[in-house]
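**Q** One structure, pasted below without further comment.
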Amino acid sequence: CSSDLVSDDAGAPAIVALLACHDRREQTLAALHALHASAAAAGVPLDVVVVDDGSRDGTAEAVRAAYPQVQLLNGDGTLYWCRAMHRAMAHAMALPRWTHMLWLNDDTRLVPGAIDTLLAQDTLQRRRLGAPVIVVGATADAQGRCSYGGGVSEGGWRRLRYRRVGGSPAPERCDVFNGNCVLLPRDGVQRVGLLDPAYEHAMGDTDYALRAAAAGIACIV
């Protein structure tokens, strides 16, 4: 799949990637390295916003030295994932050129073709459904087992229990998703809004998926 398929109405794709980090310097640098390599392989312009939530291991300094173009925001150690990513989204909304926002965990290393694949699926699913979509990248552990992705409600009285999806090579629809690797189109973000800072660390991504569904936006793993 090639990213030249991307979005009939959004123009050439450009990504702003958002990361939150705290005291994981080497993992954060590895995630940024893989991110830049994947964007370069796709030929896609990339902006990066990193929220360093009060790291004491030199993460912020190392990021600034290795990637001076990264927009680095500082927290005091009380933001955790959801509130740090809320701050990153709010900052990114004012940036001019992005067509897609990419949530990326700082312990997630993209394979070289990841961004190309995510963008291609964005185009294909948008054309198929005639509406914006959120594309979730499934992640794998060191043994190749699916670790994070999406979930499908079991329905009925168990509707708040979710069966994991993401291990299949084919795209799968999901009701909720994990925020480890998520591609959001600009018009989708404008419709759904930011992550809710009422959540500190967990459940913000689940809430966002449910709000997206309420706004008529499908989530695809």
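Naming scheme: A, B, ... for chains in displayed order of the structure tokens; residues 1 onward per chain; ligands 1 onward as shown.
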So that I can check the surroundings of Ser38 (chain A), please list as a PyMOL selection string every protein, DNA and RNA residue that reaches within 12 Å of it, counting only C-alpha atoms and ignoring chain neighbours fewer than 3 positions away.
**A** chain A and resi 3+15+17+31-35+41-46+109-119
**Q** Per DSSP on the backbone, filter region 24-208 of chain A down to the residues in strand (DSSP E or B) and report them as a PyMOL selection string.
**A** chain A and resi 46-53+71-75+100-104+133-136+139-140+146-148+150-153+162-165+173-174+176-177+181-185
**Q** For His86 (chain A), please output as a ChimeraX atom specification all residues within 6 Å (counting only C-alpha atoms; exclusion window: fewer than 3 positions along the same chain).
**A** /A:83,89,195
**Q** Write to file, as a tab-separated table (two decimals), in the first residue's frame, the residues of the selection just made, with N, CA, C and O atoms.
**A**
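After the write, part-v4.tsv holds the following:
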```
chain	number	residue	atom	x	y	z
A	83	ARG	N	-3.60	13.16	30.49
A	83	ARG	CA	-3.52	14.61	30.58
A	83	ARG	C	-2.32	15.15	29.81
A	83	ARG	O	-2.39	16.26	29.26
A	89	MET	N	-2.28	17.35	22.32
A	89	MET	CA	-3.30	17.59	21.30
A	89	MET	C	-3.66	19.07	21.22
A	89	MET	O	-3.81	19.62	20.12
A	195	LEU	N	-8.69	14.59	23.88
A	195	LEU	CA	-8.83	13.67	25.00
A	195	LEU	C	-9.38	14.43	26.21
A	195	LEU	O	-9.07	15.61	26.42
```
**Q** Which of these residues is nearest to Val221 (chain A), using only C-alpha atoms: A:Val152, A:Cys82, A:Ala142, A:Ala198?
**A**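 Smallest distance to Val221 (chain A) is found for A:Val152.
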**Q** Output as a PyMOL selection string all residues of region 20-68 of chain A that backbone DSSP marks as alpha helix (DSSP H).
**A** chain A and resi 25-42+59-66
**Q** Using the selection just defined, write its residues with N, CA, C and O atoms as a compact mmCIF listing (two decimals), in the first residue's frame.
**A**
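Saved to result33.txt:
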```txt
# COMPACT_ATOMS: atom_id res chain seq x y z
N ARG A 25 14.15 7.35 29.05
CA ARG A 25 14.96 8.07 28.07
C ARG A 25 15.29 7.21 26.84
O ARG A 25 15.04 7.63 25.70
N GLU A 26 15.84 6.03 27.07
CA GLU A 26 16.29 5.21 25.93
C GLU A 26 15.10 4.72 25.11
O GLU A 26 15.17 4.69 23.88
N GLN A 27 14.02 4.35 25.77
CA GLN A 27 12.83 3.92 25.03
C GLN A 27 12.24 5.08 24.23
O GLN A 27 11.81 4.91 23.09
N THR A 28 12.21 6.25 24.83
CA THR A 28 11.66 7.42 24.13
C THR A 28 12.50 7.75 22.91
O THR A 28 11.96 8.02 21.82
N LEU A 29 13.81 7.73 23.04
CA LEU A 29 14.69 8.01 21.90
C LEU A 29 14.52 6.95 20.81
O LEU A 29 14.50 7.28 19.61
N ALA A 30 14.38 5.69 21.21
CA ALA A 30 14.17 4.63 20.22
C ALA A 30 12.84 4.81 19.49
O ALA A 30 12.76 4.59 18.27
N ALA A 31 11.82 5.21 20.23
CA ALA A 31 10.51 5.44 19.59
C ALA A 31 10.60 6.60 18.60
O ALA A 31 10.04 6.52 17.49
N LEU A 32 11.29 7.66 18.96
CA LEU A 32 11.44 8.80 18.06
C LEU A 32 12.25 8.43 16.83
O LEU A 32 11.95 8.86 15.71
N HIS A 33 13.30 7.63 17.00
CA HIS A 33 14.11 7.20 15.87
C HIS A 33 13.26 6.39 14.89
O HIS A 33 13.30 6.64 13.67
N ALA A 34 12.50 5.43 15.40
CA ALA A 34 11.66 4.60 14.53
C ALA A 34 10.56 5.43 13.87
O ALA A 34 10.22 5.22 12.71
N LEU A 35 10.00 6.39 14.60
CA LEU A 35 8.98 7.28 14.05
C LEU A 35 9.53 8.06 12.87
O LEU A 35 8.89 8.13 11.81
N HIS A 36 10.68 8.68 13.03
CA HIS A 36 11.25 9.48 11.95
C HIS A 36 11.60 8.59 10.75
O HIS A 36 11.41 9.00 9.59
N ALA A 37 12.08 7.39 11.01
CA ALA A 37 12.41 6.48 9.90
C ALA A 37 11.16 6.07 9.14
O ALA A 37 11.17 5.99 7.90
N SER A 38 10.08 5.81 9.85
CA SER A 38 8.84 5.40 9.19
C SER A 38 8.24 6.55 8.38
O SER A 38 7.74 6.34 7.27
N ALA A 39 8.30 7.78 8.92
CA ALA A 39 7.80 8.93 8.18
C ALA A 39 8.64 9.18 6.94
O ALA A 39 8.11 9.51 5.86
N ALA A 40 9.97 9.01 7.05
CA ALA A 40 10.84 9.20 5.90
C ALA A 40 10.56 8.15 4.83
O ALA A 40 10.55 8.46 3.63
N ALA A 41 10.32 6.91 5.25
CA ALA A 41 10.02 5.85 4.29
C ALA A 41 8.72 6.12 3.54
O ALA A 41 8.57 5.77 2.37
N ALA A 42 7.77 6.77 4.22
CA ALA A 42 6.49 7.11 3.59
C ALA A 42 6.57 8.42 2.81
O ALA A 42 5.63 8.74 2.07
N THR A 59 15.58 12.67 30.12
CA THR A 59 14.84 12.43 28.89
C THR A 59 14.67 13.70 28.07
O THR A 59 14.95 13.71 26.87
N ALA A 60 14.22 14.76 28.70
CA ALA A 60 13.98 16.01 27.96
C ALA A 60 15.25 16.53 27.32
O ALA A 60 15.25 16.93 26.14
N GLU A 61 16.34 16.50 28.05
CA GLU A 61 17.61 16.99 27.51
C GLU A 61 18.08 16.13 26.35
O GLU A 61 18.60 16.65 25.35
N ALA A 62 17.91 14.80 26.47
CA ALA A 62 18.33 13.90 25.41
C ALA A 62 17.49 14.08 24.16
O ALA A 62 18.01 14.07 23.03
N VAL A 63 16.20 14.27 24.33
CA VAL A 63 15.32 14.51 23.17
C VAL A 63 15.70 15.82 22.49
O VAL A 63 15.80 15.91 21.27
N ARG A 64 15.93 16.85 23.28
CA ARG A 64 16.28 18.16 22.73
C ARG A 64 17.60 18.09 21.95
O ARG A 64 17.75 18.70 20.89
N ALA A 65 18.55 17.32 22.46
CA ALA A 65 19.84 17.20 21.80
C ALA A 65 19.76 16.39 20.51
O ALA A 65 20.36 16.74 19.50
N ALA A 66 19.01 15.29 20.54
CA ALA A 66 18.94 14.40 19.38
C ALA A 66 17.96 14.90 18.33
O ALA A 66 18.18 14.68 17.12
```
**Q** Quick one: residues within 12 Å of Leu72 (chain A), only C-alpha atoms counted, chain neighbours fewer than 4 positions away excluded, as a PDB file with N, CA, C and O atoms, in the first residue's frame?
**A**
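Below is the file result-v5.pdb, written as the result:
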```pdb
ATOM      1  N   ALA A  17       2.914  13.931  15.203  1.00  0.00           N
ATOM      2  CA  ALA A  17       2.946  12.810  16.137  1.00  0.00           C
ATOM      3  C   ALA A  17       3.044  13.337  17.562  1.00  0.00           C
ATOM      4  O   ALA A  17       3.775  14.287  17.833  1.00  0.00           O
ATOM      5  N   LEU A  18       2.312  12.704  18.458  1.00  0.00           N
ATOM      6  CA  LEU A  18       2.233  13.134  19.852  1.00  0.00           C
ATOM      7  C   LEU A  18       2.712  12.011  20.763  1.00  0.00           C
ATOM      8  O   LEU A  18       2.244  10.871  20.648  1.00  0.00           O
ATOM      9  N   LEU A  19       3.628  12.322  21.656  1.00  0.00           N
ATOM     10  CA  LEU A  19       4.140  11.352  22.603  1.00  0.00           C
ATOM     11  C   LEU A  19       4.150  11.959  24.006  1.00  0.00           C
ATOM     12  O   LEU A  19       4.421  13.154  24.163  1.00  0.00           O
ATOM     13  N   ALA A  20       3.877  11.127  24.999  1.00  0.00           N
ATOM     14  CA  ALA A  20       4.044  11.498  26.394  1.00  0.00           C
ATOM     15  C   ALA A  20       5.121  10.603  26.989  1.00  0.00           C
ATOM     16  O   ALA A  20       5.174   9.404  26.687  1.00  0.00           O
ATOM     17  N   CYS A  21       5.988  11.163  27.810  1.00  0.00           N
ATOM     18  CA  CYS A  21       7.068  10.348  28.356  1.00  0.00           C
ATOM     19  C   CYS A  21       7.376  10.740  29.791  1.00  0.00           C
ATOM     20  O   CYS A  21       7.112  11.865  30.224  1.00  0.00           O
ATOM     21  N   ASP A  47       5.785  16.570  11.982  1.00  0.00           N
ATOM     22  CA  ASP A  47       6.032  17.375  13.167  1.00  0.00           C
ATOM     23  C   ASP A  47       5.856  16.468  14.371  1.00  0.00           C
ATOM     24  O   ASP A  47       5.069  15.503  14.334  1.00  0.00           O
ATOM     25  N   VAL A  48       6.567  16.764  15.448  1.00  0.00           N
ATOM     26  CA  VAL A  48       6.487  15.932  16.644  1.00  0.00           C
ATOM     27  C   VAL A  48       6.321  16.826  17.865  1.00  0.00           C
ATOM     28  O   VAL A  48       7.047  17.814  18.019  1.00  0.00           O
ATOM     29  N   VAL A  49       5.364  16.461  18.705  1.00  0.00           N
ATOM     30  CA  VAL A  49       5.157  17.129  19.985  1.00  0.00           C
ATOM     31  C   VAL A  49       5.372  16.093  21.081  1.00  0.00           C
ATOM     32  O   VAL A  49       4.706  15.054  21.101  1.00  0.00           O
ATOM     33  N   VAL A  50       6.308  16.366  21.970  1.00  0.00           N
ATOM     34  CA  VAL A  50       6.598  15.474  23.091  1.00  0.00           C
ATOM     35  C   VAL A  50       6.285  16.223  24.387  1.00  0.00           C
ATOM     36  O   VAL A  50       6.775  17.334  24.603  1.00  0.00           O
ATOM     37  N   VAL A  51       5.494  15.594  25.234  1.00  0.00           N
ATOM     38  CA  VAL A  51       5.253  16.125  26.577  1.00  0.00           C
ATOM     39  C   VAL A  51       6.070  15.284  27.550  1.00  0.00           C
ATOM     40  O   VAL A  51       5.801  14.096  27.741  1.00  0.00           O
ATOM     41  N   ASP A  52       7.104  15.877  28.117  1.00  0.00           N
ATOM     42  CA  ASP A  52       7.918  15.201  29.115  1.00  0.00           C
ATOM     43  C   ASP A  52       7.355  15.553  30.488  1.00  0.00           C
ATOM     44  O   ASP A  52       7.444  16.700  30.934  1.00  0.00           O
ATOM     45  N   ASP A  53       6.798  14.549  31.133  1.00  0.00           N
ATOM     46  CA  ASP A  53       6.093  14.811  32.388  1.00  0.00           C
ATOM     47  C   ASP A  53       7.040  14.688  33.582  1.00  0.00           C
ATOM     48  O   ASP A  53       6.966  13.752  34.374  1.00  0.00           O
ATOM     49  N   GLY A  54       7.951  15.650  33.681  1.00  0.00           N
ATOM     50  CA  GLY A  54       8.803  15.737  34.854  1.00  0.00           C
ATOM     51  C   GLY A  54       9.851  14.647  34.969  1.00  0.00           C
ATOM     52  O   GLY A  54      10.200  14.241  36.094  1.00  0.00           O
ATOM     53  N   THR A  59      15.576  12.673  30.122  1.00  0.00           N
ATOM     54  CA  THR A  59      14.836  12.425  28.890  1.00  0.00           C
ATOM     55  C   THR A  59      14.672  13.697  28.067  1.00  0.00           C
ATOM     56  O   THR A  59      14.951  13.713  26.869  1.00  0.00           O
ATOM     57  N   ALA A  60      14.224  14.764  28.700  1.00  0.00           N
ATOM     58  CA  ALA A  60      13.978  16.008  27.959  1.00  0.00           C
ATOM     59  C   ALA A  60      15.251  16.526  27.316  1.00  0.00           C
ATOM     60  O   ALA A  60      15.250  16.934  26.143  1.00  0.00           O
ATOM     61  N   GLU A  61      16.341  16.502  28.048  1.00  0.00           N
ATOM     62  CA  GLU A  61      17.606  16.995  27.514  1.00  0.00           C
ATOM     63  C   GLU A  61      18.083  16.127  26.350  1.00  0.00           C
ATOM     64  O   GLU A  61      18.598  16.651  25.347  1.00  0.00           O
ATOM     65  N   ALA A  62      17.910  14.801  26.474  1.00  0.00           N
ATOM     66  CA  ALA A  62      18.330  13.897  25.411  1.00  0.00           C
ATOM     67  C   ALA A  62      17.487  14.083  24.155  1.00  0.00           C
ATOM     68  O   ALA A  62      18.011  14.069  23.034  1.00  0.00           O
ATOM     69  N   VAL A  63      16.196  14.268  24.328  1.00  0.00           N
ATOM     70  CA  VAL A  63      15.322  14.512  23.170  1.00  0.00           C
ATOM     71  C   VAL A  63      15.697  15.822  22.494  1.00  0.00           C
ATOM     72  O   VAL A  63      15.797  15.905  21.265  1.00  0.00           O
ATOM     73  N   ARG A  64      15.928  16.847  23.285  1.00  0.00           N
ATOM     74  CA  ARG A  64      16.279  18.157  22.726  1.00  0.00           C
ATOM     75  C   ARG A  64      17.605  18.089  21.953  1.00  0.00           C
ATOM     76  O   ARG A  64      17.751  18.703  20.894  1.00  0.00           O
ATOM     77  N   ALA A  65      18.548  17.318  22.461  1.00  0.00           N
ATOM     78  CA  ALA A  65      19.844  17.205  21.797  1.00  0.00           C
ATOM     79  C   ALA A  65      19.755  16.392  20.513  1.00  0.00           C
ATOM     80  O   ALA A  65      20.365  16.743  19.498  1.00  0.00           O
ATOM     81  N   TYR A  67      16.891  15.558  18.758  1.00  0.00           N
ATOM     82  CA  TYR A  67      15.839  16.001  17.838  1.00  0.00           C
ATOM     83  C   TYR A  67      15.455  17.446  18.162  1.00  0.00           C
ATOM     84  O   TYR A  67      14.386  17.702  18.728  1.00  0.00           O
ATOM     85  N   PRO A  68      16.311  18.395  17.808  1.00  0.00           N
ATOM     86  CA  PRO A  68      16.030  19.796  18.169  1.00  0.00           C
ATOM     87  C   PRO A  68      14.768  20.344  17.530  1.00  0.00           C
ATOM     88  O   PRO A  68      14.219  21.342  17.996  1.00  0.00           O
ATOM     89  N   ALA A  84      -1.239  14.376  29.746  1.00  0.00           N
ATOM     90  CA  ALA A  84      -0.101  14.784  28.916  1.00  0.00           C
ATOM     91  C   ALA A  84      -0.492  14.793  27.446  1.00  0.00           C
ATOM     92  O   ALA A  84      -0.154  15.720  26.693  1.00  0.00           O
ATOM     93  N   ARG A  87      -2.664  17.722  26.597  1.00  0.00           N
ATOM     94  CA  ARG A  87      -1.865  18.930  26.403  1.00  0.00           C
ATOM     95  C   ARG A  87      -1.189  18.904  25.024  1.00  0.00           C
ATOM     96  O   ARG A  87      -1.148  19.930  24.335  1.00  0.00           O
ATOM     97  N   ALA A  88      -0.693  17.744  24.624  1.00  0.00           N
ATOM     98  CA  ALA A  88      -0.054  17.632  23.310  1.00  0.00           C
ATOM     99  C   ALA A  88      -1.057  17.893  22.189  1.00  0.00           C
ATOM    100  O   ALA A  88      -0.745  18.586  21.212  1.00  0.00           O
ATOM    101  N   HIS A  91      -1.843  21.610  21.930  1.00  0.00           N
ATOM    102  CA  HIS A  91      -0.731  22.316  21.281  1.00  0.00           C
ATOM    103  C   HIS A  91      -0.740  22.055  19.774  1.00  0.00           C
ATOM    104  O   HIS A  91      -0.563  22.981  18.976  1.00  0.00           O
ATOM    105  N   ALA A  92      -0.954  20.808  19.406  1.00  0.00           N
ATOM    106  CA  ALA A  92      -0.908  20.448  17.988  1.00  0.00           C
ATOM    107  C   ALA A  92      -2.035  21.079  17.185  1.00  0.00           C
ATOM    108  O   ALA A  92      -1.870  21.344  15.983  1.00  0.00           O
TER     109      ALA A  92
END
```
**Q** Could you tell me how far CA of Gly150 (chain A) sits from CA of Val165 (chain A), in Å to one decimal place?
**A** 5.2 Å
**Q** When you look at Gly193 (chain A) with a cut-off of 12 Å (counting only C-alpha atoms), what residues show up, excluding the ones that are within fewer than 5 positions of it in the same chain? I need them as a compact mmCIF listing (two decimals) with C-alpha atoms, in the first residue's frame.
**A**
```txt
# COMPACT_ATOMS: atom_id res chain seq x y z
CA HIS A 86 -4.48 16.19 26.09
CA MET A 89 -3.30 17.59 21.30
CA ALA A 90 -4.18 21.12 22.38
CA MET A 93 -4.30 21.90 17.09
CA LEU A 184 -6.65 10.42 13.63
CA PRO A 185 -7.66 12.54 10.63
CA ARG A 186 -7.91 16.28 11.13
CA ASP A 187 -11.63 16.40 10.34
CA GLY A 188 -12.17 13.57 12.83
CA ASP A 207 -13.63 7.28 26.21
CA TYR A 208 -12.27 8.83 23.00
CA ALA A 209 -13.26 5.77 20.95
CA ARG A 211 -17.09 9.57 21.62
CA ALA A 212 -15.85 8.95 18.09
CA ALA A 215 -19.90 11.27 16.32
```
**Q** Considering only C-alpha atoms, state which residue in the set A:Met85, A:Leu102, A:Ile220, A:Ala202 is at the smallest distance from Ala170 (chain A).
**A** A:Ile220
**Q** So that I can see what lies close to Thr108 (chain A), please list as a ChimeraX atom specification the residues with an atom at most 8 Å from it, counting only C-alpha atoms and leaving out residues fewer than 2 positions away in the same chain.
**A** /A:31,104-106,110,139,180-181
**Q** With N, CA and C atoms retained, could you export that selection as a short mmCIF file (atom, residue, chain, number, x, y, z; two decimals), in the first residue's frame?
**A**
```cif
data_model
loop_
_atom_site.label_atom_id
_atom_site.label_comp_id
_atom_site.auth_asym_id
_atom_site.auth_seq_id
_atom_site.Cartn_x
_atom_site.Cartn_y
_atom_site.Cartn_z
N ALA A 31 11.82 5.21 20.23
CA ALA A 31 10.51 5.44 19.59
C ALA A 31 10.60 6.60 18.60
N LEU A 104 1.31 8.14 19.73
CA LEU A 104 2.33 7.08 19.77
C LEU A 104 2.87 6.96 21.19
N ASN A 105 2.81 5.76 21.75
CA ASN A 105 3.43 5.53 23.04
C ASN A 105 4.94 5.62 22.92
N ASP A 106 5.58 6.06 23.98
CA ASP A 106 7.04 6.22 23.90
C ASP A 106 7.77 4.88 24.02
N LEU A 110 7.79 1.84 15.72
CA LEU A 110 7.12 1.58 14.46
C LEU A 110 8.04 0.81 13.51
N THR A 139 -0.13 -3.44 17.99
CA THR A 139 1.26 -3.61 18.39
C THR A 139 1.50 -5.05 18.82
N ASN A 180 -1.88 3.29 22.00
CA ASN A 180 -0.45 3.10 21.73
C ASN A 180 -0.02 3.60 20.36
N CYS A 181 -0.86 3.40 19.36
CA CYS A 181 -0.55 3.82 17.99
C CYS A 181 -1.87 4.06 17.27
#
```
**Q** When you look at Glu172 (chain A) with a cut-off of 12 Å (counting only C-alpha atoms), what residues show up, excluding the ones that are within fewer than 4 positions of it in the same chain? I need them as a PyMOL selection string.
**A** chain A and resi 121+125+134-138+149-152+164-168+176-177+218-221
**Q** For the residues in the current selection, export all heavy atoms as a CSV table (one decimal), in the first residue's frame.
**A**
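As a result, again.csv now contains:
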```csv
chain,number,residue,atom,x,y,z
A,121,GLN,N,-4.6,2.8,4.8
A,121,GLN,CA,-5.9,2.3,5.4
A,121,GLN,C,-6.9,3.5,5.6
A,121,GLN,O,-8.1,3.3,5.4
A,121,GLN,CB,-5.6,1.5,6.6
A,121,GLN,CG,-5.2,0.1,6.4
A,121,GLN,CD,-6.2,-0.7,5.6
A,121,GLN,OE1,-7.4,-0.6,5.8
A,121,GLN,NE2,-5.7,-1.5,4.7
A,125,GLN,N,-10.4,3.1,3.9
A,125,GLN,CA,-11.6,3.0,4.7
A,125,GLN,C,-12.5,4.2,4.6
A,125,GLN,O,-13.7,4.1,4.7
A,125,GLN,CB,-11.2,2.7,6.2
A,125,GLN,CG,-10.4,1.5,6.4
A,125,GLN,CD,-11.2,0.2,6.0
A,125,GLN,OE1,-12.4,0.2,6.1
A,125,GLN,NE2,-10.4,-0.8,5.6
A,134,ILE,N,-10.9,6.5,12.2
A,134,ILE,CA,-9.7,6.4,13.0
A,134,ILE,C,-9.1,5.1,12.8
A,134,ILE,O,-9.7,4.0,12.8
A,134,ILE,CB,-10.1,6.6,14.5
A,134,ILE,CG1,-10.6,8.0,14.8
A,134,ILE,CG2,-8.9,6.3,15.4
A,134,ILE,CD1,-11.1,8.2,16.2
A,135,VAL,N,-7.8,5.1,12.5
A,135,VAL,CA,-7.0,3.9,12.2
A,135,VAL,C,-6.1,3.6,13.3
A,135,VAL,O,-5.2,4.4,13.7
A,135,VAL,CB,-6.2,4.0,10.8
A,135,VAL,CG1,-5.5,2.7,10.5
A,135,VAL,CG2,-7.2,4.3,9.7
A,136,VAL,N,-6.3,2.4,13.9
A,136,VAL,CA,-5.5,1.9,15.1
A,136,VAL,C,-4.4,1.0,14.6
A,136,VAL,O,-4.7,0.0,13.9
A,136,VAL,CB,-6.4,1.3,16.1
A,136,VAL,CG1,-5.6,0.9,17.3
A,136,VAL,CG2,-7.6,2.2,16.5
A,137,GLY,N,-3.2,1.2,15.0
A,137,GLY,CA,-2.1,0.3,14.7
A,137,GLY,C,-2.0,-0.7,15.8
A,137,GLY,O,-1.8,-0.4,16.9
A,138,ALA,N,-2.1,-2.0,15.4
A,138,ALA,CA,-2.0,-3.1,16.4
A,138,ALA,C,-0.5,-3.2,16.7
A,138,ALA,O,0.4,-3.1,15.9
A,138,ALA,CB,-2.5,-4.4,15.9
A,149,GLY,N,-4.3,-3.1,20.7
A,149,GLY,CA,-5.0,-2.8,19.4
A,149,GLY,C,-6.4,-2.3,19.7
A,149,GLY,O,-6.5,-1.1,20.2
A,150,GLY,N,-7.4,-3.0,19.4
A,150,GLY,CA,-8.8,-2.6,19.7
A,150,GLY,C,-9.6,-3.6,20.4
A,150,GLY,O,-9.1,-4.7,20.7
A,151,GLY,N,-10.8,-3.3,20.7
A,151,GLY,CA,-11.7,-4.2,21.4
A,151,GLY,C,-13.1,-4.1,20.8
A,151,GLY,O,-13.6,-3.0,20.4
A,152,VAL,N,-13.8,-5.3,20.8
A,152,VAL,CA,-15.2,-5.3,20.3
A,152,VAL,C,-16.1,-5.7,21.5
A,152,VAL,O,-15.8,-6.7,22.2
A,152,VAL,CB,-15.3,-6.3,19.2
A,152,VAL,CG1,-16.8,-6.5,18.7
A,152,VAL,CG2,-14.5,-5.9,18.0
A,164,ARG,N,-10.5,-8.5,22.5
A,164,ARG,CA,-9.4,-7.9,21.8
A,164,ARG,C,-9.4,-8.3,20.3
A,164,ARG,O,-9.6,-9.4,19.9
A,164,ARG,CB,-8.1,-8.2,22.4
A,164,ARG,CG,-6.9,-7.6,21.7
A,164,ARG,CD,-5.6,-7.9,22.3
A,164,ARG,NE,-5.5,-7.4,23.6
A,164,ARG,CZ,-4.5,-7.7,24.5
A,164,ARG,NH1,-3.6,-8.6,24.1
A,164,ARG,NH2,-4.5,-7.2,25.7
A,165,VAL,N,-9.2,-7.3,19.4
A,165,VAL,CA,-8.9,-7.5,18.0
A,165,VAL,C,-7.7,-6.8,17.6
A,165,VAL,O,-7.3,-5.8,18.3
A,165,VAL,CB,-10.1,-7.1,17.1
A,165,VAL,CG1,-11.4,-7.9,17.4
A,165,VAL,CG2,-10.4,-5.6,17.3
A,166,GLY,N,-7.0,-7.3,16.6
A,166,GLY,CA,-5.8,-6.7,16.1
A,166,GLY,C,-4.8,-7.7,15.7
A,166,GLY,O,-3.7,-7.3,15.2
A,167,GLY,N,-5.0,-8.9,15.9
A,167,GLY,CA,-4.0,-10.0,15.5
A,167,GLY,C,-4.2,-10.4,14.1
A,167,GLY,O,-3.4,-11.2,13.6
A,168,SER,N,-5.2,-10.0,13.4
A,168,SER,CA,-5.5,-10.4,12.0
A,168,SER,C,-4.8,-9.5,11.0
A,168,SER,O,-4.6,-8.3,11.3
A,168,SER,CB,-7.0,-10.4,11.8
A,168,SER,OG,-7.2,-10.5,10.4
A,176,VAL,N,-13.7,0.1,20.9
A,176,VAL,CA,-12.7,0.8,21.7
A,176,VAL,C,-11.3,0.5,21.2
A,176,VAL,O,-11.1,-0.5,20.5
A,176,VAL,CB,-12.9,0.5,23.2
A,176,VAL,CG1,-14.3,0.9,23.7
A,176,VAL,CG2,-12.6,-1.0,23.5
A,177,PHE,N,-10.4,1.3,21.6
A,177,PHE,CA,-9.0,1.0,21.2
A,177,PHE,C,-8.0,1.5,22.3
A,177,PHE,O,-8.4,2.3,23.2
A,177,PHE,CB,-8.7,1.7,19.9
A,177,PHE,CG,-8.9,3.2,19.8
A,177,PHE,CD1,-8.1,4.1,20.5
A,177,PHE,CD2,-10.0,3.7,19.1
A,177,PHE,CE1,-8.3,5.4,20.4
A,177,PHE,CE2,-10.2,5.0,19.0
A,177,PHE,CZ,-9.4,5.9,19.6
A,218,ALA,N,-16.0,5.7,12.4
A,218,ALA,CA,-15.6,4.3,12.7
A,218,ALA,C,-14.2,4.2,13.1
A,218,ALA,O,-13.3,5.0,12.7
A,218,ALA,CB,-15.8,3.5,11.4
A,219,CYS,N,-13.9,3.2,13.9
A,219,CYS,CA,-12.5,2.9,14.4
A,219,CYS,C,-12.1,1.6,13.8
A,219,CYS,O,-12.8,0.6,13.9
A,219,CYS,CB,-12.4,2.9,15.9
A,219,CYS,SG,-13.0,4.4,16.7
A,220,ILE,N,-11.0,1.5,13.1
A,220,ILE,CA,-10.5,0.4,12.3
A,220,ILE,C,-9.1,0.0,12.8
A,220,ILE,O,-8.2,0.8,12.9
A,220,ILE,CB,-10.4,0.6,10.8
A,220,ILE,CG1,-11.8,1.2,10.3
A,220,ILE,CG2,-10.0,-0.6,10.1
A,220,ILE,CD1,-12.9,0.2,10.3
A,221,VAL,N,-8.9,-1.3,13.2
A,221,VAL,CA,-7.6,-1.8,13.6
A,221,VAL,C,-6.9,-2.4,12.3
A,221,VAL,O,-7.5,-3.2,11.7
A,221,VAL,CB,-7.7,-2.9,14.7
A,221,VAL,CG1,-6.3,-3.3,15.1
A,221,VAL,CG2,-8.5,-2.4,15.9
```
